[in-house]
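Everything on this sheet refers to the single structure shown next.
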Amino acid sequence: MNVLLIGSGGREHALAWAISKSPELTKLYCALGNAGIEACAECVALDVSDHPAVVQFCHDRSIGLVVVGPELPLVAGLGDDLREAGILTFGPGKQAAQLEGSKSFTKELCAEFGIPTAAYERFDVLEPALDYVLKQPLPIVVKADGLAAGKGVTVAETLEQAEVALRDCFDGAFGSAGASVVIEEFLQGEEASFFALSDGRSIIPMTGAQDHKRAYNGDEGPNTGGMGAYSPAPVLTSAMEARVMNEIILPTVAGLQARGIPYQGVLYAGLMIGENGPKLIEYNTRFGDPECQVLMMRLKSDLLPVLLAVADGSLGRFELHWHSDVAMTVVMAAKGYPGAYEKGSEIRGLKGADAMDGVAVFHAGTKADGDRILANGGRVLNVTARGRTVLEARDRAYNAIQKIDWPEGFCRSDIGWRAIEQEDRNDGSA
Ligand code: AMP
Ligand code: GLY
């Protein structure tokens, strides 16, 4: 089967890497791809916002399955247009993608179907929002309703911060995404992510992961798209995963179905695990980046037939198998990220790092220049490793980083600290 993968980041490199191992694959195309993805797919310069052009490409190349990586094409309805043209697609349609594209859509669904989440109110104008905040305990969370490239959320410790966040939203700092604002209760606990697949009828659990969103060691500094991740997440015990499925994932998909909206793709639940169990922070309607990289390292099953089953509605007969190992990924970013950074610096030593036992170096933002690999983004590499323990996975990942010669890049040196502390405690009590 020929497959078209949409996207160009580390998540898509990990997906391409897993898909390209499948005996079912004839040829993999990727739009737009990057220098790493070129090793396992033919990268094509296709404008993915031009849906008729994508449909035409699929017809011309006999594409049997399209896998959509990022959220923007989903929210723009690429999934609907492909399915309408008879092309099997992994990724929800526009309406279902509102789970990620509109925070108030998700909050209303949670309220209607009894899904545990933070208490909230939605506002379309500033004054009542300011009045509301005055009456709430701090910290309080202010969120632009729409997609804001990960920048629309403020956890305000003070009233002043909350006010600035509200004014930013209504003054257009996030464009139309901030025209509506959700103000919600601050949840206590430990954050984790859980992934499940749905073909519109059947739902199967994948596994969990945890990521580090802050740029610097000690989980300090500005928020980023994620500086590293590991899977499994120690806080998601099998009992907790069962609760997440029963209390959050299943009622969400059932709630969508009740509204006549099928969900075909991966459901990524951002969770707070607190004293009273799991609560939903947010949904994404795609794989996490860099969480996908650790999921793909741990996945034992052939990925392609599973993606296809999501797209053709035959997921019910599937059970996924995972390596019991821990996988960890460390993000190497261009110095300055998530602020201003330079592009175009050369990265050396990638082959040596990638060849190490249990290691895969996924490219997040690179481009090839002849034989040279150049940095071409903020998050540039995801150095990913498997090990029997968190410590072993971490040591492998950081040993691989030692082989990479890229003075213009940086990474955190403490990815997985929480899981390592947990492992130490478990060893101590064993
Ligand atoms: P998001 O951009 O929606 O992923 O949110 C960014 C981060 O804000 C999350 O990963 C959490 O750390 C934090 N956050 C969002 N909502 C809440 C909440 N209700 N309580 C506590 N932290 C939150
Ligand atoms: N790593 C966070 C995300 O993919 O949204």
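Following the order of the structure tokens, first chain is A, next is B, and so on, with residues numbered from 1 inside each chain and ligands from 1 in the order they appear.
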
I'd like the neighbourhood of Pro73 of chain A as a PyMOL selection string, where a residue qualifies if any of its atoms comes within 10 Å (using only C-alpha atoms), though same-chain residues fewer than 2 positions away should be ignored.
chain A and resi 6-7+48-51+68-71+75-79+91+93-94+97

Write out as a ChimeraX atom specification which residues come within 12 Å of Gly200 of chain A when counting only C-alpha atoms, dropping same-chain ones fewer than 4 positions away.
/A:90-93,96,204,250,252-258,260-267,309-316

Counting only C-alpha atoms, what are the residues of segment 61-126 of chain A within 9 Å of segment 168-179 of chain A, and for each of them which pair of atoms is the nearest and at what distance in Å, to one decimal? Sort the table by chain and rising number, as a Markdown table.
```
| residue | atom | partner | partner_atom | distance |
| --- | --- | --- | --- | --- |
| A:Gly101 | CA | A:Ala177 | CA | 8.8 |
| A:Ser102 | CA | A:Ala177 | CA | 8.4 |
| A:Phe123 | CA | A:Ala179 | CA | 8.8 |
| A:Asp124 | CA | A:Ala179 | CA | 6.3 |
| A:Val125 | CA | A:Phe170 | CA | 7.2 |
| A:Leu126 | CA | A:Phe170 | CA | 6.6 |
```

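With distances restricted to only C-alpha atoms, A:Ala333 is the closest residue to Asn382 of chain A from A:Met356, A:Val66, A:Leu32, A:Ala333.
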
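Taking only C-alpha atoms and all ligand atoms into account, the residues that come within 6 Å of ligand 1 are Ala118, Val141, Gly150, Val153, Glu184, Glu185, Phe186, Leu187, Ile281 and Glu282 of chain A.
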
Sorted per-residue table, chain A near ligand 2, closest atoms and distance, 12 Å, only C-alpha atoms and all ligand atoms, as CSV:
```
residue,atom,partner,partner_atom_place_in_ligand_line,distance
A:Gly9,CA,ligand 2,4 (O),10.9
A:Gly10,CA,ligand 2,4 (O),10.5
A:Arg11,CA,ligand 2,4 (O),8.7
A:Glu12,CA,ligand 2,4 (O),11.8
A:Gly69,CA,ligand 2,4 (O),10.5
A:Pro70,CA,ligand 2,4 (O),9.0
A:Glu71,CA,ligand 2,5 (O),9.5
A:Glu100,CA,ligand 2,5 (O),9.8
A:Leu147,CA,ligand 2,5 (O),11.2
A:Ala148,CA,ligand 2,5 (O),11.4
A:Ala149,CA,ligand 2,5 (O),9.1
A:Gly150,CA,ligand 2,5 (O),7.2
A:Lys151,CA,ligand 2,5 (O),10.9
A:Glu191,CA,ligand 2,2 (C),11.6
A:Ala192,CA,ligand 2,2 (C),10.5
A:Ser193,CA,ligand 2,2 (C),8.8
A:Phe194,CA,ligand 2,2 (C),11.5
A:Phe195,CA,ligand 2,4 (O),11.4
A:Ala209,CA,ligand 2,1 (N),9.8
A:Gln210,CA,ligand 2,1 (N),8.7
A:Asp211,CA,ligand 2,1 (N),6.4
A:His212,CA,ligand 2,1 (N),7.9
A:Lys213,CA,ligand 2,1 (N),7.0
A:Arg214,CA,ligand 2,1 (N),10.6
A:Asn223,CA,ligand 2,2 (C),10.4
A:Thr224,CA,ligand 2,1 (N),8.3
A:Gly225,CA,ligand 2,1 (N),5.2
A:Gly226,CA,ligand 2,1 (N),4.7
A:Met227,CA,ligand 2,1 (N),8.1
A:Gly228,CA,ligand 2,1 (N),8.3
A:Ala229,CA,ligand 2,1 (N),8.0
A:Tyr230,CA,ligand 2,1 (N),11.1
A:Leu267,CA,ligand 2,5 (O),11.6
A:Tyr268,CA,ligand 2,5 (O),8.6
A:Ala269,CA,ligand 2,5 (O),9.8
A:Gly270,CA,ligand 2,5 (O),8.4
A:Leu271,CA,ligand 2,2 (C),11.9
A:Ile281,CA,ligand 2,5 (O),11.7
A:Glu282,CA,ligand 2,5 (O),9.6
A:Tyr283,CA,ligand 2,5 (O),9.0
A:Asn284,CA,ligand 2,5 (O),6.8
A:Thr285,CA,ligand 2,5 (O),9.5
A:Arg286,CA,ligand 2,4 (O),8.0
A:Phe287,CA,ligand 2,4 (O),6.6
A:Gly288,CA,ligand 2,4 (O),3.4
A:Asp289,CA,ligand 2,4 (O),3.9
A:Pro290,CA,ligand 2,1 (N),5.4
A:Glu291,CA,ligand 2,1 (N),6.0
A:Cys292,CA,ligand 2,4 (O),8.2
A:Gln293,CA,ligand 2,1 (N),10.4
A:Val294,CA,ligand 2,1 (N),11.3
A:Thr329,CA,ligand 2,1 (N),11.5
A:Val331,CA,ligand 2,1 (N),10.9
A:Arg379,CA,ligand 2,1 (N),11.5
```

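Secondary structure from DSSP on the backbone puts helix (DSSP H, G or I) at the following positions of segment 170-282 of chain A: Phe170, Gly175, Ser176, Ala177, Gly178, Asn217, Gly218, Asp219, Ser238, Ala239, Met240, Glu241, Ala242, Arg243, Val244, Met245, Asn246, Glu247, Ile248, Ile249, Leu250, Pro251, Thr252, Val253, Ala254, Gly255, Leu256, Gln257 and Ala258 of chain A.
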
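Counting only C-alpha atoms and comparing A:Met206, A:Val181, A:Leu46, A:Met245, the residue that lies closest to Leu299 of chain A is A:Met206.
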
Excluding Asp369 of chain A and residues on its chain fewer than 4 positions from it, collect all residues at most 9 Å away from it, counting only C-alpha atoms, and give them as a ChimeraX atom specification.
/A:35,373-374

Output of the above residues as a PDB file, in the first residue's frame, restricted to all heavy atoms:
```pdb
ATOM      1  N   ALA A  35      14.861  16.569   6.577  1.00  0.00           N
ATOM      2  CA  ALA A  35      16.057  15.822   6.163  1.00  0.00           C
ATOM      3  C   ALA A  35      16.101  14.419   6.764  1.00  0.00           C
ATOM      4  O   ALA A  35      16.642  13.489   6.149  1.00  0.00           O
ATOM      5  CB  ALA A  35      17.312  16.603   6.555  1.00  0.00           C
ATOM      6  N   ILE A 373      23.698  18.422   7.068  1.00  0.00           N
ATOM      7  CA  ILE A 373      22.379  18.577   7.690  1.00  0.00           C
ATOM      8  C   ILE A 373      22.388  19.915   8.435  1.00  0.00           C
ATOM      9  O   ILE A 373      23.271  20.163   9.271  1.00  0.00           O
ATOM     10  CB  ILE A 373      22.098  17.430   8.688  1.00  0.00           C
ATOM     11  CG1 ILE A 373      22.180  16.061   8.003  1.00  0.00           C
ATOM     12  CG2 ILE A 373      20.742  17.629   9.379  1.00  0.00           C
ATOM     13  CD1 ILE A 373      21.062  15.759   7.050  1.00  0.00           C
ATOM     14  N   LEU A 374      21.397  20.747   8.120  1.00  0.00           N
ATOM     15  CA  LEU A 374      21.328  22.075   8.733  1.00  0.00           C
ATOM     16  C   LEU A 374      20.100  22.195   9.623  1.00  0.00           C
ATOM     17  O   LEU A 374      19.043  21.615   9.330  1.00  0.00           O
ATOM     18  CB  LEU A 374      21.252  23.150   7.645  1.00  0.00           C
ATOM     19  CG  LEU A 374      22.337  23.118   6.563  1.00  0.00           C
ATOM     20  CD1 LEU A 374      22.123  24.266   5.581  1.00  0.00           C
ATOM     21  CD2 LEU A 374      23.745  23.174   7.170  1.00  0.00           C
TER      22      LEU A 374
END
```

Find the residues near Leu130 of chain A: any atom within 10 Å, counting only C-alpha atoms, skip ones fewer than 5 places away on the same chain, and give them as a PDB file with all heavy atoms, in the first residue's frame.
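Contents of selection14.pdb, as written:
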```pdb
ATOM      1  N   PHE A 123     -16.247  33.477  28.364  1.00  0.00           N
ATOM      2  CA  PHE A 123     -16.578  34.903  28.181  1.00  0.00           C
ATOM      3  C   PHE A 123     -16.231  35.358  26.768  1.00  0.00           C
ATOM      4  O   PHE A 123     -15.225  34.919  26.199  1.00  0.00           O
ATOM      5  CB  PHE A 123     -15.802  35.768  29.178  1.00  0.00           C
ATOM      6  CG  PHE A 123     -16.166  35.466  30.612  1.00  0.00           C
ATOM      7  CD1 PHE A 123     -15.450  34.516  31.338  1.00  0.00           C
ATOM      8  CD2 PHE A 123     -17.241  36.092  31.221  1.00  0.00           C
ATOM      9  CE1 PHE A 123     -15.795  34.209  32.646  1.00  0.00           C
ATOM     10  CE2 PHE A 123     -17.600  35.793  32.532  1.00  0.00           C
ATOM     11  CZ  PHE A 123     -16.870  34.851  33.245  1.00  0.00           C
ATOM     12  N   VAL A 125     -16.565  38.901  26.203  1.00  0.00           N
ATOM     13  CA  VAL A 125     -16.143  40.301  26.377  1.00  0.00           C
ATOM     14  C   VAL A 125     -15.353  40.438  27.669  1.00  0.00           C
ATOM     15  O   VAL A 125     -15.474  39.610  28.589  1.00  0.00           O
ATOM     16  CB  VAL A 125     -17.342  41.284  26.404  1.00  0.00           C
ATOM     17  CG1 VAL A 125     -17.781  41.673  25.009  1.00  0.00           C
ATOM     18  CG2 VAL A 125     -18.488  40.740  27.200  1.00  0.00           C
ATOM     19  N   LYS A 135     -13.623  37.249  41.778  1.00  0.00           N
ATOM     20  CA  LYS A 135     -14.330  36.435  42.786  1.00  0.00           C
ATOM     21  C   LYS A 135     -13.753  35.031  42.912  1.00  0.00           C
ATOM     22  O   LYS A 135     -14.255  34.230  43.702  1.00  0.00           O
ATOM     23  CB  LYS A 135     -15.818  36.333  42.399  1.00  0.00           C
ATOM     24  CG  LYS A 135     -16.529  37.679  42.424  1.00  0.00           C
ATOM     25  CD  LYS A 135     -18.027  37.491  42.158  1.00  0.00           C
ATOM     26  CE  LYS A 135     -18.614  38.682  41.414  1.00  0.00           C
ATOM     27  NZ  LYS A 135     -19.037  38.377  40.060  1.00  0.00           N
ATOM     28  N   LEU A 159      -3.822  38.498  40.405  1.00  0.00           N
ATOM     29  CA  LEU A 159      -4.916  39.125  39.650  1.00  0.00           C
ATOM     30  C   LEU A 159      -4.382  39.918  38.469  1.00  0.00           C
ATOM     31  O   LEU A 159      -4.976  39.936  37.395  1.00  0.00           O
ATOM     32  CB  LEU A 159      -5.703  40.070  40.565  1.00  0.00           C
ATOM     33  CG  LEU A 159      -6.754  39.398  41.442  1.00  0.00           C
ATOM     34  CD1 LEU A 159      -7.405  40.425  42.359  1.00  0.00           C
ATOM     35  CD2 LEU A 159      -7.814  38.720  40.567  1.00  0.00           C
ATOM     36  N   ALA A 162      -3.682  37.679  35.619  1.00  0.00           N
ATOM     37  CA  ALA A 162      -4.934  37.239  34.997  1.00  0.00           C
ATOM     38  C   ALA A 162      -5.494  38.350  34.113  1.00  0.00           C
ATOM     39  O   ALA A 162      -5.961  38.099  32.993  1.00  0.00           O
ATOM     40  CB  ALA A 162      -5.950  36.838  36.074  1.00  0.00           C
ATOM     41  N   GLU A 163      -5.397  39.584  34.626  1.00  0.00           N
ATOM     42  CA  GLU A 163      -5.935  40.707  33.862  1.00  0.00           C
ATOM     43  C   GLU A 163      -5.150  40.908  32.560  1.00  0.00           C
ATOM     44  O   GLU A 163      -5.735  41.108  31.497  1.00  0.00           O
ATOM     45  CB  GLU A 163      -5.906  41.986  34.717  1.00  0.00           C
ATOM     46  CG  GLU A 163      -6.538  43.142  33.999  1.00  0.00           C
ATOM     47  CD  GLU A 163      -6.655  44.402  34.844  1.00  0.00           C
ATOM     48  OE1 GLU A 163      -6.657  44.310  36.087  1.00  0.00           O
ATOM     49  OE2 GLU A 163      -6.738  45.483  34.235  1.00  0.00           O
ATOM     50  N   LEU A 166      -6.170  38.279  30.109  1.00  0.00           N
ATOM     51  CA  LEU A 166      -7.497  38.544  29.531  1.00  0.00           C
ATOM     52  C   LEU A 166      -7.427  39.666  28.507  1.00  0.00           C
ATOM     53  O   LEU A 166      -7.988  39.563  27.416  1.00  0.00           O
ATOM     54  CB  LEU A 166      -8.496  38.905  30.633  1.00  0.00           C
ATOM     55  CG  LEU A 166      -8.972  37.724  31.476  1.00  0.00           C
ATOM     56  CD1 LEU A 166      -9.739  38.205  32.704  1.00  0.00           C
ATOM     57  CD2 LEU A 166      -9.856  36.798  30.642  1.00  0.00           C
ATOM     58  N   ARG A 167      -6.712  40.735  28.869  1.00  0.00           N
ATOM     59  CA  ARG A 167      -6.602  41.863  27.933  1.00  0.00           C
ATOM     60  C   ARG A 167      -5.889  41.416  26.660  1.00  0.00           C
ATOM     61  O   ARG A 167      -6.295  41.774  25.556  1.00  0.00           O
ATOM     62  CB  ARG A 167      -5.857  43.042  28.571  1.00  0.00           C
ATOM     63  CG  ARG A 167      -6.702  43.783  29.589  1.00  0.00           C
ATOM     64  CD  ARG A 167      -6.044  45.076  30.064  1.00  0.00           C
ATOM     65  NE  ARG A 167      -6.779  45.590  31.211  1.00  0.00           N
ATOM     66  CZ  ARG A 167      -7.911  46.291  31.134  1.00  0.00           C
ATOM     67  NH1 ARG A 167      -8.430  46.584  29.958  1.00  0.00           N
ATOM     68  NH2 ARG A 167      -8.527  46.696  32.231  1.00  0.00           N
TER      69      ARG A 167
END
```

Interface rows for segment 267-350 of chain A against segment 414-422 of chain A: nearest pair, Å to one decimal, 12 Å, only C-alpha atoms, as a Markdown table:
```
| residue | atom | partner | partner_atom | distance |
| --- | --- | --- | --- | --- |
| A:Val326 | CA | A:Ala419 | CA | 10.3 |
| A:Ala327 | CA | A:Gly416 | CA | 10.2 |
| A:Met328 | CA | A:Gly416 | CA | 7.6 |
| A:Thr329 | CA | A:Ile415 | CA | 8.1 |
| A:Val330 | CA | A:Ile415 | CA | 6.7 |
| A:Val331 | CA | A:Ile415 | CA | 9.2 |
| A:Met332 | CA | A:Ile415 | CA | 11.6 |
```

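Of the listed residues A:Leu15, A:Cys30, A:Ile37, A:Ala397, the one whose atoms come nearest to Ile63 of chain A is A:Cys30, with distances taken using only C-alpha atoms.
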
From a DSSP pass on the backbone, collect the residues of segment 127-353 of chain A flagged as strand (DSSP E or B) and hand them back as an MDAnalysis selection string.
chainID A and resid 140:144 153:156 181:185 190:199 203:211 214:216 220:223 228:231 264:274 277:284 299 322 326:334 346:348
